[in-house]
Amino acid sequence: MRKKIGIRREDKNIWERRVPLIPIHIKDLISHHQLEIEVQSFEKRVFTDAEFLESGAKITDEIPNTDVILAVKEVPKHLIEDKIYLFFSHTIKGQKHNMSLLQTLIDKKATLIDYELIKDAQGRRLVFFGRFAGLAGTIDALSYWGKRMKSQGIENPFTKIKSAYEYVDSLQAKDEIINLREEIIEFIENYTKNPIIIGIAGYGNVSHGVQEILDLLPITEIRPYQIAHIISENEKGIFMVVFKEEDLAQPKNKNHHFNLMEYYEHPELYEPVFEYYLRNITILINAVYWDKKYPRIVTKDFLKKNFGKIKLEMIQDISCDINGGIEITYKVNEPNLPCYVYNPENDSFIDGFEGEGIMNLAVDNLPTELPKNSSINFSESLKSFIPEIANADFNKPFEEIDLPDEIKNAIIVLNGELTPNFKYLNNFLINR
């Protein structure tokens, strides 16, 4: 029986401070499930080594003797043979940059359980950081919108909002935004570019985090069909609108109605229509899953043809797919400089928030900007699965492993072999 759990230090990038299990939950797992837990020492982690020691965990420099190894982000090096790993692998789309990681897991006869795939029977993710990507991304968006306006000579209260990583936690950030409410109301009264329309593409966990921050503003929620009226009446205020799939695309056959399952399974039967709304949006926050088989949300062609004629000032691309749903997302940025300005006229990019064009924020590890909040929430959702994972016999054939479906369906690699649902990844491995 596998009963020894290891928690790996995060070494993919310098910003990562999260942990998959927090000390109080580790204490519960040790006392109630007789698990032995070792934590690799890491001074940058948001919870200290001392807190883990107090929980009953052992602190160690290395964790080669543990059976199950937990991390948050991809393990970039030092993969150990025959181990069971849990982390976000970012491999299920055949992501080219992670195919060598997948191949190494196979070569090492390791097992990979991907948090992203832990879902209920309705396909809803059960272990995720998405809400905190939305929280951090929206805090950053408001902060940098303020910086950009100031660089254009527009004094505004949003400059008083800091980047998410500069706050102790999300509560401190929220308090600051709430305290600016009266100043924001006064700013809107005198703002010459009313109405301010903030569009959110997507309505899942990330979008909920986005809305949680925007709801702190003096804001009115509207439906997509109301945008035209708001614009024609030149109404003052900040307006929030959430876009669903049916707002992004429509059937090519005008006699058909939008069908969500058909759109997912046969997107070739649909054509993009979001540009109709995009021209009147001030800030677009992209929180939607995208795959290359679906139409893009924002294209370079649209921006070039309409530059100077549309309201769009800024995009916060939380989904952060390179050259994906937001075509101008051409690279990933760091939290301390999350943005660049894209000029559609000459297809050029300038780092920072100044310059002619549309500002785009693109950071792929936003939840680490709120490491304590996001770790607590993630650990709360993960902890109940740990005893079953620790006690399962992974040496059995895949079909015979005694695990809940939520975990079993999240196994991409089992002892060096791709599991049935992920055999398709062989095609990406061959062509990597």
# chains A, B, ... in the order shown; residues from 1 in each chain; ligands from 1
>>> residues_around(residues="segment 14-16 of chain A", least_positions_apart="4", cutoff="9 Å", atoms="only C-alpha atoms", output="count of residues only")
11
>>> residues_around(residues="segment 297-309 of chain A", least_positions_apart="6", cutoff="7 Å", atoms="only C-alpha atoms", output="count of residues only")
7
>>> closest_residue(among="A:Asp393, A:Glu166, A:Glu262, A:Asp67", to="Glu36 of chain A", atoms="only C-alpha atoms")
A:Asp67
>>> residues_around(residues="Glu417 of chain A", least_positions_apart="3", cutoff="8 Å", atoms="only C-alpha atoms", output="list in words")
Ile106, Lys109, Val413 and Leu414 of chain A
>>> write_last_selection(atoms="N, CA and C atoms", output="tab-separated table (two decimals), in the first residue's frame")
chain	number	residue	atom	x	y	z
A	106	ILE	N	6.58	8.96	-19.37
A	106	ILE	CA	6.43	7.63	-19.96
A	106	ILE	C	7.73	6.85	-19.82
A	109	LYS	N	8.45	5.39	-16.45
A	109	LYS	CA	7.43	4.46	-15.94
A	109	LYS	C	6.61	5.08	-14.82
A	413	VAL	N	-1.21	9.12	-17.62
A	413	VAL	CA	-0.18	8.08	-17.79
A	413	VAL	C	-0.23	7.15	-16.58
A	414	LEU	N	-0.20	5.84	-16.83
A	414	LEU	CA	-0.17	4.85	-15.76
A	414	LEU	C	1.05	3.95	-15.96
>>> residues_around(residues="Phe378 of chain A", least_positions_apart="2", cutoff="7 Å", atoms="only C-alpha atoms", output="PyMOL selection string")
chain A and resi 20+127-129+374-376+380-382
>>> write_last_selection(atoms="N, CA and C atoms", output="short mmCIF file (atom, residue, chain, number, x, y, z; two decimals), in the first residue's frame")
data_model
loop_
_atom_site.label_atom_id
_atom_site.label_comp_id
_atom_site.auth_asym_id
_atom_site.auth_seq_id
_atom_site.Cartn_x
_atom_site.Cartn_y
_atom_site.Cartn_z
N PRO A 20 -0.13 22.65 -2.93
CA PRO A 20 -1.38 21.91 -3.15
C PRO A 20 -2.12 21.52 -1.88
N VAL A 127 -11.22 20.44 -8.73
CA VAL A 127 -9.98 20.92 -8.10
C VAL A 127 -9.40 21.97 -9.03
N PHE A 128 -9.44 23.23 -8.61
CA PHE A 128 -9.07 24.28 -9.56
C PHE A 128 -8.65 25.56 -8.84
N PHE A 129 -7.92 26.40 -9.58
CA PHE A 129 -7.52 27.73 -9.11
C PHE A 129 -8.27 28.82 -9.87
N SER A 374 -5.46 31.27 -2.80
CA SER A 374 -5.65 30.21 -3.79
C SER A 374 -5.20 28.86 -3.25
N SER A 375 -4.14 28.82 -2.44
CA SER A 375 -3.69 27.55 -1.86
C SER A 375 -4.72 26.98 -0.89
N ILE A 376 -5.31 27.84 -0.08
CA ILE A 376 -6.32 27.38 0.89
C ILE A 376 -7.51 26.77 0.16
N GLU A 380 -8.54 22.74 0.05
CA GLU A 380 -9.86 22.35 0.54
C GLU A 380 -10.55 21.39 -0.43
N SER A 381 -10.38 21.63 -1.73
CA SER A 381 -11.03 20.79 -2.73
C SER A 381 -10.27 19.50 -3.01
N LEU A 382 -8.96 19.49 -2.76
CA LEU A 382 -8.13 18.33 -3.08
C LEU A 382 -8.05 17.31 -1.94
#
>>> residues_around(residues="Tyr191 of chain A", least_positions_apart="5", cutoff="12 Å", atoms="only C-alpha atoms", output="PyMOL selection string")
chain A and resi 149+154-157+184-186+196+234-238
>>> write_last_selection(atoms="N, CA and C atoms", output="compact mmCIF listing (two decimals), in the first residue's frame")
# COMPACT_ATOMS: atom_id res chain seq x y z
N MET A 149 -4.40 55.12 -18.57
CA MET A 149 -5.10 56.39 -18.68
C MET A 149 -4.24 57.54 -18.18
N ILE A 154 -4.90 61.37 -18.34
CA ILE A 154 -6.20 61.27 -17.69
C ILE A 154 -6.01 60.87 -16.23
N GLU A 155 -6.18 61.79 -15.32
CA GLU A 155 -6.09 61.47 -13.89
C GLU A 155 -7.29 60.62 -13.50
N ASN A 156 -7.05 59.57 -12.72
CA ASN A 156 -8.14 58.65 -12.39
C ASN A 156 -7.84 57.89 -11.11
N PRO A 157 -8.87 57.45 -10.38
CA PRO A 157 -8.67 56.75 -9.10
C PRO A 157 -8.15 55.32 -9.25
N ILE A 184 -14.45 56.82 -7.77
CA ILE A 184 -14.75 56.25 -9.08
C ILE A 184 -16.05 56.83 -9.63
N ILE A 185 -17.05 56.99 -8.76
CA ILE A 185 -18.31 57.59 -9.18
C ILE A 185 -18.07 59.01 -9.71
N GLU A 186 -17.26 59.78 -8.98
CA GLU A 186 -16.96 61.14 -9.41
C GLU A 186 -16.20 61.15 -10.74
N ILE A 196 -18.60 53.16 -20.15
CA ILE A 196 -17.50 52.21 -20.01
C ILE A 196 -18.12 50.82 -19.96
N ASN A 234 -25.74 57.06 -25.06
CA ASN A 234 -24.52 57.66 -24.47
C ASN A 234 -24.63 57.73 -22.94
N GLU A 235 -25.10 56.64 -22.37
CA GLU A 235 -25.31 56.60 -20.92
C GLU A 235 -23.99 56.65 -20.16
N LYS A 236 -24.02 57.34 -19.03
CA LYS A 236 -22.83 57.40 -18.17
C LYS A 236 -22.81 56.20 -17.25
N GLY A 237 -21.61 55.68 -16.97
CA GLY A 237 -21.49 54.59 -16.02
C GLY A 237 -20.60 53.48 -16.50
N ILE A 238 -20.39 52.51 -15.59
CA ILE A 238 -19.64 51.30 -15.92
C ILE A 238 -20.65 50.18 -16.05
>>> residues_around(residues="segment 46-48 of chain A", least_positions_apart="3", cutoff="10 Å", atoms="only C-alpha atoms", output="ChimeraX atom specification")
/A:16-19,22-23,41-43,51-53,368,370-373,375
>>> decode(residues="segment 260-301 of chain A", atoms="N, CA and C atoms", output="compact mmCIF listing (two decimals), in the first residue's frame")
# COMPACT_ATOMS: atom_id res chain seq x y z
N LEU A 260 -25.72 24.29 -28.17
CA LEU A 260 -24.42 24.26 -27.49
C LEU A 260 -23.65 22.98 -27.76
N MET A 261 -24.30 21.84 -27.67
CA MET A 261 -23.60 20.57 -27.89
C MET A 261 -23.13 20.46 -29.34
N GLU A 262 -23.96 20.93 -30.26
CA GLU A 262 -23.55 20.90 -31.67
C GLU A 262 -22.34 21.80 -31.88
N TYR A 263 -22.35 22.96 -31.23
CA TYR A 263 -21.22 23.90 -31.36
C TYR A 263 -19.93 23.26 -30.87
N TYR A 264 -20.01 22.56 -29.72
CA TYR A 264 -18.82 21.90 -29.19
C TYR A 264 -18.33 20.79 -30.12
N GLU A 265 -19.26 20.02 -30.66
CA GLU A 265 -18.89 18.86 -31.44
C GLU A 265 -18.64 19.17 -32.91
N HIS A 266 -19.32 20.20 -33.42
CA HIS A 266 -19.17 20.54 -34.85
C HIS A 266 -19.04 22.06 -35.02
N PRO A 267 -17.97 22.64 -34.52
CA PRO A 267 -17.82 24.10 -34.63
C PRO A 267 -17.71 24.58 -36.06
N GLU A 268 -17.39 23.67 -36.99
CA GLU A 268 -17.30 24.07 -38.39
C GLU A 268 -18.64 24.50 -38.96
N LEU A 269 -19.73 24.18 -38.25
CA LEU A 269 -21.06 24.58 -38.70
C LEU A 269 -21.42 25.99 -38.24
N TYR A 270 -20.48 26.64 -37.54
CA TYR A 270 -20.75 27.95 -36.96
C TYR A 270 -19.75 28.98 -37.47
N GLU A 271 -20.16 30.23 -37.40
CA GLU A 271 -19.30 31.34 -37.80
C GLU A 271 -19.25 32.37 -36.68
N PRO A 272 -18.14 33.10 -36.54
CA PRO A 272 -18.01 34.06 -35.44
C PRO A 272 -18.90 35.29 -35.63
N VAL A 273 -19.44 35.78 -34.52
CA VAL A 273 -20.27 36.99 -34.57
C VAL A 273 -19.90 37.99 -33.46
N PHE A 274 -18.91 37.63 -32.66
CA PHE A 274 -18.60 38.46 -31.48
C PHE A 274 -18.13 39.87 -31.85
N GLU A 275 -17.58 40.02 -33.05
CA GLU A 275 -17.07 41.32 -33.46
C GLU A 275 -18.17 42.39 -33.46
N TYR A 276 -19.41 41.96 -33.61
CA TYR A 276 -20.54 42.90 -33.55
C TYR A 276 -20.58 43.61 -32.21
N TYR A 277 -20.26 42.87 -31.13
CA TYR A 277 -20.24 43.45 -29.79
C TYR A 277 -18.91 44.11 -29.48
N LEU A 278 -17.85 43.52 -29.98
CA LEU A 278 -16.49 43.92 -29.61
C LEU A 278 -16.22 45.39 -29.90
N ARG A 279 -16.81 45.92 -30.95
CA ARG A 279 -16.53 47.30 -31.34
C ARG A 279 -16.98 48.31 -30.28
N ASN A 280 -17.90 47.91 -29.39
CA ASN A 280 -18.43 48.83 -28.38
C ASN A 280 -17.95 48.54 -26.97
N ILE A 281 -17.02 47.60 -26.83
CA ILE A 281 -16.51 47.24 -25.51
C ILE A 281 -15.26 48.06 -25.19
N THR A 282 -15.16 48.57 -23.99
CA THR A 282 -13.98 49.33 -23.56
C THR A 282 -12.88 48.39 -23.11
N ILE A 283 -13.24 47.42 -22.26
CA ILE A 283 -12.29 46.44 -21.73
C ILE A 283 -12.88 45.05 -21.96
N LEU A 284 -12.09 44.16 -22.55
CA LEU A 284 -12.51 42.78 -22.73
C LEU A 284 -11.68 41.90 -21.81
N ILE A 285 -12.35 41.08 -21.00
CA ILE A 285 -11.67 40.12 -20.14
C ILE A 285 -11.99 38.72 -20.67
N ASN A 286 -10.97 38.04 -21.14
CA ASN A 286 -11.17 36.72 -21.76
C ASN A 286 -10.98 35.62 -20.73
N ALA A 287 -12.07 34.93 -20.42
CA ALA A 287 -12.04 33.87 -19.41
C ALA A 287 -12.64 32.59 -19.96
N VAL A 288 -12.49 32.37 -21.26
CA VAL A 288 -13.15 31.24 -21.89
C VAL A 288 -12.13 30.22 -22.40
N TYR A 289 -12.49 28.96 -22.31
CA TYR A 289 -11.65 27.89 -22.88
C TYR A 289 -11.67 28.02 -24.39
N TRP A 290 -10.49 27.85 -25.01
CA TRP A 290 -10.41 27.96 -26.46
C TRP A 290 -9.56 26.84 -27.03
N ASP A 291 -9.97 26.34 -28.17
CA ASP A 291 -9.21 25.36 -28.94
C ASP A 291 -9.19 25.84 -30.38
N LYS A 292 -8.18 25.45 -31.13
CA LYS A 292 -8.01 25.97 -32.49
C LYS A 292 -9.16 25.61 -33.43
N LYS A 293 -9.99 24.65 -33.05
CA LYS A 293 -11.13 24.31 -33.91
C LYS A 293 -12.27 25.33 -33.78
N TYR A 294 -12.20 26.19 -32.75
CA TYR A 294 -13.23 27.21 -32.55
C TYR A 294 -12.79 28.55 -33.15
N PRO A 295 -13.74 29.40 -33.53
CA PRO A 295 -13.36 30.71 -34.05
C PRO A 295 -12.68 31.56 -32.98
N ARG A 296 -11.76 32.40 -33.41
CA ARG A 296 -11.10 33.32 -32.47
C ARG A 296 -12.09 34.37 -31.97
N ILE A 297 -11.80 34.89 -30.78
CA ILE A 297 -12.64 35.93 -30.20
C ILE A 297 -12.21 37.30 -30.72
N VAL A 298 -10.89 37.52 -30.80
CA VAL A 298 -10.34 38.76 -31.32
C VAL A 298 -9.27 38.42 -32.36
N THR A 299 -9.41 38.97 -33.55
CA THR A 299 -8.43 38.72 -34.61
C THR A 299 -7.66 39.99 -34.95
N LYS A 300 -6.45 39.81 -35.44
CA LYS A 300 -5.66 40.95 -35.89
C LYS A 300 -6.34 41.66 -37.05
N ASP A 301 -6.97 40.90 -37.91
CA ASP A 301 -7.63 41.46 -39.08
C ASP A 301 -8.73 42.44 -38.66
